[in-house]
>>> print(open('final-v7.pdb').read())   # PDB, C-alpha atoms
ATOM      1  CA  MET R  12      61.363 -61.179  25.801  1.00  0.00           C
ATOM      2  CA  LEU R  13      64.813 -61.671  24.246  1.00  0.00           C
ATOM      3  CA  ALA R  14      63.273 -63.351  21.216  1.00  0.00           C
ATOM      4  CA  ALA R  15      60.966 -60.357  20.745  1.00  0.00           C
ATOM      5  CA  ILE R  16      63.947 -57.967  20.841  1.00  0.00           C
ATOM      6  CA  ASN R  17      65.823 -60.107  18.338  1.00  0.00           C
ATOM      7  CA  LEU R  18      62.779 -60.172  16.052  1.00  0.00           C
ATOM      8  CA  LEU R  19      62.529 -56.380  16.301  1.00  0.00           C
ATOM      9  CA  LEU R  20      66.223 -56.008  15.434  1.00  0.00           C
ATOM     10  CA  LEU R  21      65.905 -58.310  12.432  1.00  0.00           C
ATOM     11  CA  LEU R  22      62.824 -56.417  11.242  1.00  0.00           C
ATOM     12  CA  PHE R  23      64.745 -53.140  11.566  1.00  0.00           C
ATOM     13  CA  LEU R  24      67.563 -54.716   9.558  1.00  0.00           C
ATOM     14  CA  VAL R  25      65.247 -55.674   6.682  1.00  0.00           C
ATOM     15  CA  VAL R  26      63.606 -52.245   6.646  1.00  0.00           C
ATOM     16  CA  CYS R  27      67.039 -50.549   6.654  1.00  0.00           C
ATOM     17  CA  ALA R  28      68.275 -52.698   3.761  1.00  0.00           C
ATOM     18  CA  ILE R  29      65.204 -51.896   1.643  1.00  0.00           C
ATOM     19  CA  VAL R  30      65.375 -48.168   2.436  1.00  0.00           C
ATOM     20  CA  VAL R  31      69.117 -48.002   1.579  1.00  0.00           C
ATOM     21  CA  ALA R  32      68.387 -49.493  -1.843  1.00  0.00           C
ATOM     22  CA  ARG R  33      65.493 -47.102  -2.524  1.00  0.00           C
ATOM     23  CA  THR R  34      66.956 -43.806  -1.231  1.00  0.00           C
ATOM     24  CA  LYS R  35      68.026 -41.355  -3.954  1.00  0.00           C
ATOM     25  CA  ASP R  36      70.007 -39.096  -1.592  1.00  0.00           C
ATOM     26  CA  LEU R  37      73.349 -40.842  -1.204  1.00  0.00           C
ATOM     27  CA  LEU R  38      74.297 -39.076   2.043  1.00  0.00           C
ATOM     28  CA  SER R  39      71.096 -40.300   3.719  1.00  0.00           C
ATOM     29  CA  ALA R  40      71.725 -43.769   2.303  1.00  0.00           C
ATOM     30  CA  THR R  41      75.196 -43.755   3.867  1.00  0.00           C
ATOM     31  CA  ILE R  42      73.847 -42.812   7.302  1.00  0.00           C
ATOM     32  CA  ILE R  43      71.093 -45.458   7.075  1.00  0.00           C
ATOM     33  CA  PHE R  44      73.746 -47.984   6.067  1.00  0.00           C
ATOM     34  CA  GLY R  45      75.670 -47.049   9.231  1.00  0.00           C
ATOM     35  CA  ALA R  46      72.531 -47.718  11.296  1.00  0.00           C
ATOM     36  CA  TYR R  47      72.171 -51.067   9.493  1.00  0.00           C
ATOM     37  CA  SER R  48      75.732 -52.000  10.444  1.00  0.00           C
ATOM     38  CA  MET R  49      75.197 -50.966  14.065  1.00  0.00           C
ATOM     39  CA  VAL R  50      72.087 -53.170  14.379  1.00  0.00           C
ATOM     40  CA  MET R  51      73.919 -55.977  12.592  1.00  0.00           C
ATOM     41  CA  SER R  52      76.706 -55.736  15.184  1.00  0.00           C
ATOM     42  CA  ILE R  53      74.158 -56.004  18.030  1.00  0.00           C
ATOM     43  CA  ILE R  54      72.733 -59.098  16.328  1.00  0.00           C
ATOM     44  CA  TRP R  55      76.228 -60.632  16.095  1.00  0.00           C
ATOM     45  CA  GLN R  56      76.569 -60.025  19.829  1.00  0.00           C
ATOM     46  CA  GLN R  57      73.197 -61.753  20.383  1.00  0.00           C
ATOM     47  CA  LEU R  58      74.512 -64.710  18.363  1.00  0.00           C
ATOM     48  CA  HIS R  59      77.438 -65.025  20.839  1.00  0.00           C
ATOM     49  CA  SER R  60      80.192 -63.878  18.543  1.00  0.00           C
ATOM     50  CA  PRO R  61      81.624 -60.713  20.127  1.00  0.00           C
ATOM     51  CA  ASP R  62      84.681 -60.821  17.895  1.00  0.00           C
ATOM     52  CA  VAL R  63      82.629 -60.352  14.730  1.00  0.00           C
ATOM     53  CA  ALA R  64      80.492 -57.748  16.532  1.00  0.00           C
ATOM     54  CA  ILE R  65      83.527 -55.569  17.295  1.00  0.00           C
ATOM     55  CA  THR R  66      84.769 -55.883  13.728  1.00  0.00           C
ATOM     56  CA  GLU R  67      81.343 -55.116  12.271  1.00  0.00           C
ATOM     57  CA  ALA R  68      80.981 -52.024  14.470  1.00  0.00           C
ATOM     58  CA  ALA R  69      84.444 -50.757  13.531  1.00  0.00           C
ATOM     59  CA  ILE R  70      84.402 -51.617   9.811  1.00  0.00           C
ATOM     60  CA  GLY R  71      80.716 -51.360   8.923  1.00  0.00           C
ATOM     61  CA  ALA R  72      79.621 -48.387  11.001  1.00  0.00           C
ATOM     62  CA  GLY R  73      82.980 -46.622  11.131  1.00  0.00           C
ATOM     63  CA  ALA R  74      85.352 -47.137   8.249  1.00  0.00           C
ATOM     64  CA  THR R  75      82.866 -47.941   5.459  1.00  0.00           C
ATOM     65  CA  SER R  76      80.694 -44.919   6.252  1.00  0.00           C
ATOM     66  CA  LEU R  77      83.749 -42.659   6.233  1.00  0.00           C
ATOM     67  CA  LEU R  78      84.928 -44.095   2.908  1.00  0.00           C
ATOM     68  CA  PHE R  79      81.459 -43.564   1.412  1.00  0.00           C
ATOM     69  CA  LEU R  80      81.441 -39.990   2.752  1.00  0.00           C
ATOM     70  CA  ALA R  81      84.837 -39.346   1.179  1.00  0.00           C
ATOM     71  CA  ALA R  82      83.594 -40.764  -2.136  1.00  0.00           C
ATOM     72  CA  ILE R  83      80.454 -38.576  -1.977  1.00  0.00           C
ATOM     73  CA  SER R  84      82.525 -35.478  -1.223  1.00  0.00           C
ATOM     74  CA  ARG R  85      84.596 -36.148  -4.336  1.00  0.00           C
ATOM     75  CA  THR R  86      81.592 -36.846  -6.607  1.00  0.00           C
ATOM     76  CA  GLY R  87      77.940 -35.873  -6.192  1.00  0.00           C
ATOM     77  CA  ARG R  88      75.365 -36.235  -3.471  1.00  0.00           C
ATOM     78  CA  HIS R  89      72.326 -37.195  -5.548  1.00  0.00           C
ATOM     79  CA  GLU R  90      71.694 -40.239  -7.659  1.00  0.00           C
ATOM     80  CA  GLU R  91      70.924 -39.545 -11.320  1.00  0.00           C
TER      81      GLU R  91
ATOM     82  CA  MET L 209      87.924 -23.143   8.312  1.00  0.00           C
ATOM     83  CA  HIS L 210      88.019 -23.685  12.043  1.00  0.00           C
ATOM     84  CA  ASP L 211      85.306 -25.618  13.860  1.00  0.00           C
ATOM     85  CA  MET L 212      85.466 -25.371  17.644  1.00  0.00           C
ATOM     86  CA  ILE L 213      82.809 -28.017  18.394  1.00  0.00           C
ATOM     87  CA  LEU L 214      84.544 -30.553  16.167  1.00  0.00           C
ATOM     88  CA  GLU L 215      87.916 -29.780  17.713  1.00  0.00           C
ATOM     89  CA  MET L 216      86.698 -30.076  21.332  1.00  0.00           C
ATOM     90  CA  LEU L 217      84.900 -33.339  20.509  1.00  0.00           C
ATOM     91  CA  GLY L 218      88.019 -34.646  18.830  1.00  0.00           C
ATOM     92  CA  ARG L 219      90.183 -33.657  21.793  1.00  0.00           C
ATOM     93  CA  ILE L 220      88.077 -35.973  23.993  1.00  0.00           C
ATOM     94  CA  LEU L 221      87.152 -38.724  21.556  1.00  0.00           C
ATOM     95  CA  ILE L 222      90.419 -39.310  19.686  1.00  0.00           C
ATOM     96  CA  PRO L 223      92.494 -40.375  22.748  1.00  0.00           C
ATOM     97  CA  ALA L 224      89.580 -42.458  24.062  1.00  0.00           C
ATOM     98  CA  THR L 225      89.240 -44.236  20.708  1.00  0.00           C
ATOM     99  CA  GLN L 226      92.966 -44.887  20.513  1.00  0.00           C
ATOM    100  CA  LEU L 227      93.073 -46.231  24.068  1.00  0.00           C
ATOM    101  CA  PHE L 228      90.167 -48.574  23.310  1.00  0.00           C
ATOM    102  CA  GLY L 229      91.840 -49.736  20.113  1.00  0.00           C
ATOM    103  CA  ALA L 230      95.114 -50.365  21.940  1.00  0.00           C
ATOM    104  CA  TYR L 231      93.249 -52.332  24.617  1.00  0.00           C
ATOM    105  CA  ILE L 232      91.612 -54.567  22.010  1.00  0.00           C
ATOM    106  CA  LEU L 233      94.957 -54.948  20.205  1.00  0.00           C
ATOM    107  CA  PHE L 234      96.980 -55.888  23.285  1.00  0.00           C
ATOM    108  CA  HIS L 235      94.360 -58.316  24.634  1.00  0.00           C
ATOM    109  CA  GLY L 236      93.898 -60.043  21.293  1.00  0.00           C
ATOM    110  CA  HIS L 237      95.014 -63.422  22.626  1.00  0.00           C
ATOM    111  CA  LEU L 238      92.915 -63.200  25.819  1.00  0.00           C
ATOM    112  CA  SER L 239      89.564 -61.676  24.909  1.00  0.00           C
ATOM    113  CA  PRO L 240      87.473 -61.021  21.791  1.00  0.00           C
ATOM    114  CA  GLY L 241      89.164 -58.803  19.273  1.00  0.00           C
ATOM    115  CA  GLY L 242      92.683 -58.862  17.943  1.00  0.00           C
ATOM    116  CA  GLY L 243      94.785 -57.450  15.175  1.00  0.00           C
ATOM    117  CA  PHE L 244      92.049 -56.746  12.662  1.00  0.00           C
ATOM    118  CA  SER L 245      89.464 -55.171  14.992  1.00  0.00           C
ATOM    119  CA  GLY L 246      91.972 -53.183  17.044  1.00  0.00           C
ATOM    120  CA  GLY L 247      93.819 -52.012  13.957  1.00  0.00           C
ATOM    121  CA  THR L 248      90.591 -50.816  12.353  1.00  0.00           C
ATOM    122  CA  ILE L 249      89.634 -48.841  15.468  1.00  0.00           C
ATOM    123  CA  ILE L 250      93.058 -47.167  15.617  1.00  0.00           C
ATOM    124  CA  GLY L 251      92.896 -46.432  11.876  1.00  0.00           C
ATOM    125  CA  ALA L 252      89.429 -44.909  12.338  1.00  0.00           C
ATOM    126  CA  SER L 253      90.800 -42.674  15.084  1.00  0.00           C
ATOM    127  CA  PHE L 254      93.492 -41.427  12.674  1.00  0.00           C
ATOM    128  CA  ILE L 255      90.789 -40.736  10.078  1.00  0.00           C
ATOM    129  CA  PHE L 256      88.901 -38.768  12.725  1.00  0.00           C
ATOM    130  CA  TYR L 257      92.067 -36.829  13.538  1.00  0.00           C
ATOM    131  CA  SER L 258      92.665 -35.924   9.915  1.00  0.00           C
ATOM    132  CA  LEU L 259      88.990 -34.892   9.501  1.00  0.00           C
ATOM    133  CA  VAL L 260      89.130 -32.622  12.562  1.00  0.00           C
ATOM    134  CA  TYR L 261      92.467 -30.915  11.886  1.00  0.00           C
ATOM    135  CA  ARG L 262      92.535 -31.037   8.076  1.00  0.00           C
ATOM    136  CA  PHE L 263      91.175 -27.529   7.663  1.00  0.00           C
ATOM    137  CA  SER L 264      92.887 -25.758  10.535  1.00  0.00           C
ATOM    138  CA  ASP L 265      96.588 -26.252  10.037  1.00  0.00           C
ATOM    139  CA  LYS L 266      99.049 -27.550   7.483  1.00  0.00           C
ATOM    140  CA  LYS L 267     101.434 -28.997  10.073  1.00  0.00           C
ATOM    141  CA  HIS L 268      98.731 -31.279  11.512  1.00  0.00           C
ATOM    142  CA  ARG L 269      98.404 -33.111   8.191  1.00  0.00           C
ATOM    143  CA  LEU L 270      99.573 -36.673   8.304  1.00  0.00           C
ATOM    144  CA  LYS L 271     101.931 -37.553   5.497  1.00  0.00           C
ATOM    145  CA  HIS L 272     101.263 -40.257   2.923  1.00  0.00           C
ATOM    146  CA  GLU L 273     104.628 -41.844   3.681  1.00  0.00           C
ATOM    147  CA  THR L 274     103.704 -42.367   7.351  1.00  0.00           C
ATOM    148  CA  SER L 275     100.759 -44.634   6.603  1.00  0.00           C
ATOM    149  CA  LEU L 276     102.857 -46.415   3.980  1.00  0.00           C
ATOM    150  CA  TRP L 277     105.553 -47.123   6.594  1.00  0.00           C
ATOM    151  CA  PHE L 278     102.900 -48.423   9.001  1.00  0.00           C
ATOM    152  CA  GLU L 279     101.648 -50.814   6.320  1.00  0.00           C
ATOM    153  CA  VAL L 280     105.083 -52.069   5.328  1.00  0.00           C
ATOM    154  CA  GLY L 281     106.319 -52.275   8.937  1.00  0.00           C
ATOM    155  CA  GLY L 282     103.301 -54.320  10.037  1.00  0.00           C
ATOM    156  CA  ALA L 283     103.754 -56.814   7.222  1.00  0.00           C
ATOM    157  CA  LEU L 284     107.483 -57.043   7.998  1.00  0.00           C
ATOM    158  CA  ILE L 285     106.805 -57.727  11.706  1.00  0.00           C
ATOM    159  CA  TYR L 286     104.413 -60.527  10.714  1.00  0.00           C
ATOM    160  CA  VAL L 287     106.809 -62.142   8.240  1.00  0.00           C
ATOM    161  CA  GLY L 288     109.812 -61.578  10.521  1.00  0.00           C
ATOM    162  CA  SER L 289     108.232 -63.294  13.511  1.00  0.00           C
ATOM    163  CA  GLY L 290     107.216 -66.124  11.183  1.00  0.00           C
ATOM    164  CA  LEU L 291     110.758 -66.518   9.883  1.00  0.00           C
ATOM    165  CA  VAL L 292     112.141 -66.927  13.425  1.00  0.00           C
ATOM    166  CA  GLY L 293     110.513 -70.363  13.439  1.00  0.00           C
ATOM    167  CA  ILE L 294     112.352 -71.310  10.232  1.00  0.00           C
ATOM    168  CA  LEU L 295     115.615 -69.982  11.727  1.00  0.00           C
ATOM    169  CA  PHE L 296     115.194 -72.485  14.586  1.00  0.00           C
ATOM    170  CA  GLY L 297     114.588 -75.328  12.148  1.00  0.00           C
ATOM    171  CA  ARG L 298     110.811 -75.494  12.507  1.00  0.00           C
ATOM    172  CA  HIS L 299     107.881 -74.535  10.302  1.00  0.00           C
ATOM    173  CA  PHE L 300     106.884 -70.981   9.349  1.00  0.00           C
ATOM    174  CA  LEU L 301     105.111 -69.217  12.257  1.00  0.00           C
ATOM    175  CA  THR L 302     106.078 -71.886  14.808  1.00  0.00           C
ATOM    176  CA  ASN L 303     105.225 -70.673  18.285  1.00  0.00           C
ATOM    177  CA  GLN L 304     105.721 -73.460  20.788  1.00  0.00           C
ATOM    178  CA  GLY L 305     109.336 -74.316  21.583  1.00  0.00           C
ATOM    179  CA  VAL L 306     110.755 -71.229  19.886  1.00  0.00           C
ATOM    180  CA  PHE L 307     109.197 -68.352  21.822  1.00  0.00           C
ATOM    181  CA  PRO L 308     108.862 -68.299  25.628  1.00  0.00           C
ATOM    182  CA  ILE L 309     105.307 -69.253  26.641  1.00  0.00           C
ATOM    183  CA  GLY L 310     104.170 -67.392  29.736  1.00  0.00           C
ATOM    184  CA  GLU L 311     101.380 -68.196  32.160  1.00  0.00           C
ATOM    185  CA  PRO L 312      97.966 -68.686  30.560  1.00  0.00           C
ATOM    186  CA  GLY L 313      95.626 -65.752  31.109  1.00  0.00           C
ATOM    187  CA  ARG L 314      98.361 -63.169  31.608  1.00  0.00           C
ATOM    188  CA  LEU L 315      99.087 -60.378  29.144  1.00  0.00           C
ATOM    189  CA  TRP L 316     102.660 -61.613  28.564  1.00  0.00           C
ATOM    190  CA  SER L 317     101.750 -65.120  27.500  1.00  0.00           C
ATOM    191  CA  SER L 318     101.211 -67.232  24.377  1.00  0.00           C
ATOM    192  CA  GLY L 319     104.632 -66.516  22.911  1.00  0.00           C
ATOM    193  CA  MET L 320     104.660 -64.549  19.699  1.00  0.00           C
ATOM    194  CA  ILE L 321     100.902 -64.172  19.204  1.00  0.00           C
ATOM    195  CA  LEU L 322     101.051 -60.710  20.783  1.00  0.00           C
ATOM    196  CA  LEU L 323     103.857 -59.722  18.407  1.00  0.00           C
ATOM    197  CA  VAL L 324     101.959 -61.051  15.380  1.00  0.00           C
ATOM    198  CA  THR L 325      98.801 -59.244  16.546  1.00  0.00           C
ATOM    199  CA  LEU L 326     100.700 -55.958  16.850  1.00  0.00           C
ATOM    200  CA  GLY L 327     102.048 -56.436  13.324  1.00  0.00           C
ATOM    201  CA  ILE L 328      98.571 -57.115  11.927  1.00  0.00           C
ATOM    202  CA  GLY L 329      97.223 -54.119  13.856  1.00  0.00           C
ATOM    203  CA  ALA L 330      99.828 -51.752  12.401  1.00  0.00           C
ATOM    204  CA  LYS L 331      99.195 -53.123   8.914  1.00  0.00           C
ATOM    205  CA  VAL L 332      95.394 -52.796   9.148  1.00  0.00           C
ATOM    206  CA  ALA L 333      95.503 -49.338  10.760  1.00  0.00           C
ATOM    207  CA  GLY L 334      97.847 -48.118   8.037  1.00  0.00           C
ATOM    208  CA  THR L 335      95.697 -49.642   5.294  1.00  0.00           C
ATOM    209  CA  VAL L 336      92.421 -48.186   6.581  1.00  0.00           C
ATOM    210  CA  PHE L 337      93.951 -44.736   6.908  1.00  0.00           C
ATOM    211  CA  LYS L 338      95.686 -44.988   3.532  1.00  0.00           C
ATOM    212  CA  LEU L 339      92.413 -45.915   1.786  1.00  0.00           C
ATOM    213  CA  PHE L 340      90.778 -42.804   3.197  1.00  0.00           C
ATOM    214  CA  GLN L 341      93.776 -40.605   2.400  1.00  0.00           C
ATOM    215  CA  GLU L 342      94.000 -41.784  -1.193  1.00  0.00           C
ATOM    216  CA  LEU L 343      90.248 -41.429  -1.700  1.00  0.00           C
ATOM    217  CA  LEU L 344      90.107 -37.882  -0.339  1.00  0.00           C
ATOM    218  CA  GLU L 345      93.453 -36.364  -1.315  1.00  0.00           C
ATOM    219  CA  GLY L 346      95.100 -38.519  -3.946  1.00  0.00           C
ATOM    220  CA  GLY L 347      94.720 -38.621  -7.700  1.00  0.00           C
ATOM    221  CA  ALA L 348      92.787 -36.210  -9.876  1.00  0.00           C
ATOM    222  CA  GLU L 349      93.820 -32.812  -8.563  1.00  0.00           C
ATOM    223  CA  PRO L 350      97.592 -32.296  -8.739  1.00  0.00           C
ATOM    224  CA  ASP L 351      97.741 -29.373  -6.285  1.00  0.00           C
ATOM    225  CA  GLY L 352      95.893 -31.279  -3.549  1.00  0.00           C
ATOM    226  CA  HIS L 353      93.072 -28.736  -3.471  1.00  0.00           C
ATOM    227  CA  HIS L 354      89.492 -29.914  -2.864  1.00  0.00           C
TER     228      HIS L 354
END
>>> encode(input="final-v7.pdb", output="C-alpha cells")
Amino acid sequence: MLAAINLLLLLFLVVCAIVVARTKDLLSATIIFGAYSMVMSIIWQQLHSPDVAITEAAIGAGATSLLFLAAISRTGRHEE
Amino acid sequence: MHDMILEMLGRILIPATQLFGAYILFHGHLSPGGGFSGGTIIGASFIFYSLVYRFSDKKHRLKHETSLWFEVGGALIYVGSGLVGILFGRHFLTNQGVFPIGEPGRLWSSGMILLVTLGIGAKVAGTVFKLFQELLEGGAEPDGHH
C-alpha cells in the first residue's frame, strides 16, 4: 500500500516536472512548481528525513514561489 | 487598494505562521528543524505581511534597514558566540566546557546551540525577506512606484 502511494507521488513528480518545462504561461508554471515542491517534501518525509521536508516545504513551496511571483509581476506573464 | 478577504486571512495566518516558525527555531536542537527552516518560515510570514498590507497603508511598510539589521545582527550573534570559545582559550565555536550544558532533552540544554540557532534564524529570515523586498521594490523605479 505504502509503496503504491510512493509510486503515485513519484509519478506525479515526473509529470509536474515535464509540465513545468512545457508551460508557456509563467504564472501557471510557478503554481505547478509549488505543487512539485509540496509533493517533493512529502517524499522527503517518506524517506525519513523530516528536516529536509520542512526546509523543502518552506523554501520550495513558499519562498521560491513568492520570489518567482515577484519576478513575474516586475516583467511579463507570458513566455515569448 | 484594500482587500478584506486577504486582510482577514492574514490576521489569522500570519501569527500562526510566526508561532510555528518560532517553535521550529527554538526546538532546533531537540527535534527536526533548526535555524534555516525556522528562519525561512518566519521570513515567509514577513513576506505575507508585506503582501497583505502593502497596498492599504504607508505606515505598515517594513523598512529596508530593518531586514538589513536582522541580517547583520544574526551574523554577529553567530560569530560572537563562536568567539567566546576563543576568549576561553579553546577553538572557534567550542561548546563543551565553555557554556553551561543543561539536561538532555530540555529546552535549555546543549549550551550555545540555541543561541547559534537563533542567530542563524534571524540571518535567514532577514535574507529571505530582503530578497523579496529588493526584487519587488528596489532598483529600476526611483520613486518606488509599481
>>> resolve_selection(input="final-v7.pdb", expression="the PyMOL selection byres ((chain L and resi 277-291) around 8)", output="count of residues only")
24
>>> closest_residue(input="final-v7.pdb", among="R:Asp62, R:Leu19, R:Val50, R:Ala68", to="L:Leu238", atoms="only C-alpha atoms")
R:Asp62
>>> residues_around(input="final-v7.pdb", residues="R:Val25", least_positions_apart="2", cutoff="12 Å", atoms="only C-alpha atoms", output="number ranges by chain")
R: 18-23, 27-32, 43-44, 46-48, 50-51
>>> closest_atom_pairs(input="final-v7.pdb", of="chain R", to="chain L", cutoff="12 Å", atoms="all atoms listed in the file", output="Markdown table")
| residue | atom | partner | partner_atom | distance |
| --- | --- | --- | --- | --- |
| R:Gln56 | CA | L:Pro240 | CA | 11.1 |
| R:His59 | CA | L:Pro240 | CA | 10.8 |
| R:Ser60 | CA | L:Pro240 | CA | 8.5 |
| R:Pro61 | CA | L:Pro240 | CA | 6.1 |
| R:Asp62 | CA | L:Pro240 | CA | 4.8 |
| R:Val63 | CA | L:Gly241 | CA | 8.1 |
| R:Ala64 | CA | L:Gly241 | CA | 9.2 |
| R:Ile65 | CA | L:Ser245 | CA | 6.4 |
| R:Thr66 | CA | L:Ser245 | CA | 4.9 |
| R:Glu67 | CA | L:Ser245 | CA | 8.6 |
| R:Ala68 | CA | L:Ser245 | CA | 9.1 |
| R:Ala69 | CA | L:Ile249 | CA | 5.9 |
| R:Ile70 | CA | L:Thr248 | CA | 6.7 |
| R:Gly71 | CA | L:Thr248 | CA | 10.5 |
| R:Ala72 | CA | L:Ala252 | CA | 10.5 |
| R:Gly73 | CA | L:Ala252 | CA | 6.8 |
| R:Ala74 | CA | L:Ala252 | CA | 6.2 |
| R:Thr75 | CA | L:Val336 | CA | 9.6 |
| R:Ser76 | CA | L:Ala252 | CA | 10.6 |
| R:Leu77 | CA | L:Phe340 | CA | 7.7 |
| R:Leu78 | CA | L:Phe340 | CA | 6.0 |
| R:Phe79 | CA | L:Phe340 | CA | 9.5 |
| R:Leu80 | CA | L:Leu344 | CA | 9.4 |
| R:Ala81 | CA | L:Leu344 | CA | 5.7 |
| R:Ala82 | CA | L:Leu343 | CA | 6.7 |
| R:Ile83 | CA | L:Leu344 | CA | 9.8 |
| R:Ser84 | CA | L:Leu344 | CA | 8.0 |
| R:Arg85 | CA | L:Leu344 | CA | 7.0 |
| R:Thr86 | CA | L:Leu344 | CA | 10.6 |
>>> atom_distance(input="final-v7.pdb", atom1="atom CA of L:His237", atom2="atom CA of L:Arg314")
9.6 Å
>>> resolve_selection(input="final-v7.pdb", expression="the PyMOL selection byres ((chain L and resi 214) around 12)", output="mmCIF file with C-alpha atoms, keeping the file's coordinate frame")
data_model
loop_
_atom_site.group_PDB
_atom_site.id
_atom_site.type_symbol
_atom_site.label_atom_id
_atom_site.label_comp_id
_atom_site.auth_asym_id
_atom_site.auth_seq_id
_atom_site.Cartn_x
_atom_site.Cartn_y
_atom_site.Cartn_z
ATOM 1 C CA MET L 209 87.924 -23.143 8.312
ATOM 2 C CA HIS L 210 88.019 -23.685 12.043
ATOM 3 C CA ASP L 211 85.306 -25.618 13.860
ATOM 4 C CA MET L 212 85.466 -25.371 17.644
ATOM 5 C CA ILE L 213 82.809 -28.017 18.394
ATOM 6 C CA GLU L 215 87.916 -29.780 17.713
ATOM 7 C CA MET L 216 86.698 -30.076 21.332
ATOM 8 C CA LEU L 217 84.900 -33.339 20.509
ATOM 9 C CA GLY L 218 88.019 -34.646 18.830
ATOM 10 C CA ARG L 219 90.183 -33.657 21.793
ATOM 11 C CA ILE L 220 88.077 -35.973 23.993
ATOM 12 C CA LEU L 221 87.152 -38.724 21.556
ATOM 13 C CA ILE L 222 90.419 -39.310 19.686
ATOM 14 C CA PHE L 256 88.901 -38.768 12.725
ATOM 15 C CA TYR L 257 92.067 -36.829 13.538
ATOM 16 C CA SER L 258 92.665 -35.924 9.915
ATOM 17 C CA LEU L 259 88.990 -34.892 9.501
ATOM 18 C CA VAL L 260 89.130 -32.622 12.562
ATOM 19 C CA TYR L 261 92.467 -30.915 11.886
ATOM 20 C CA ARG L 262 92.535 -31.037 8.076
ATOM 21 C CA PHE L 263 91.175 -27.529 7.663
ATOM 22 C CA SER L 264 92.887 -25.758 10.535
#
>>> atom_distance(input="final-v7.pdb", atom1="atom CA of L:Gly319", atom2="atom CA of L:Gly297")
17.1 Å
>>> atom_distance(input="final-v7.pdb", atom1="atom CA of L:Ser317", atom2="atom CA of L:Gly243")
16.1 Å
>>> closest_residue(input="final-v7.pdb", among="R:Ala40, R:Leu13, R:His89, R:Lys35", to="R:Leu58", atoms="only C-alpha atoms")
R:Leu13
>>> resolve_selection(input="final-v7.pdb", expression="the PyMOL selection byres ((chain R and resi 90) around 10)", output="list in words")
Thr34, Lys35, Asp36, Leu37, Gly87, Arg88, His89 and Glu91 of chain R
>>> axis_aligned_box(input="final-v7.pdb", around="stretch 70-74 of chain R", padding_each_side="5 Å", output="lines of an AutoDock Vina configuration file")
center_x = 82.5
center_y = -49.1
center_z = 9.7
size_x = 15.7
size_y = 15.0
size_z = 12.9
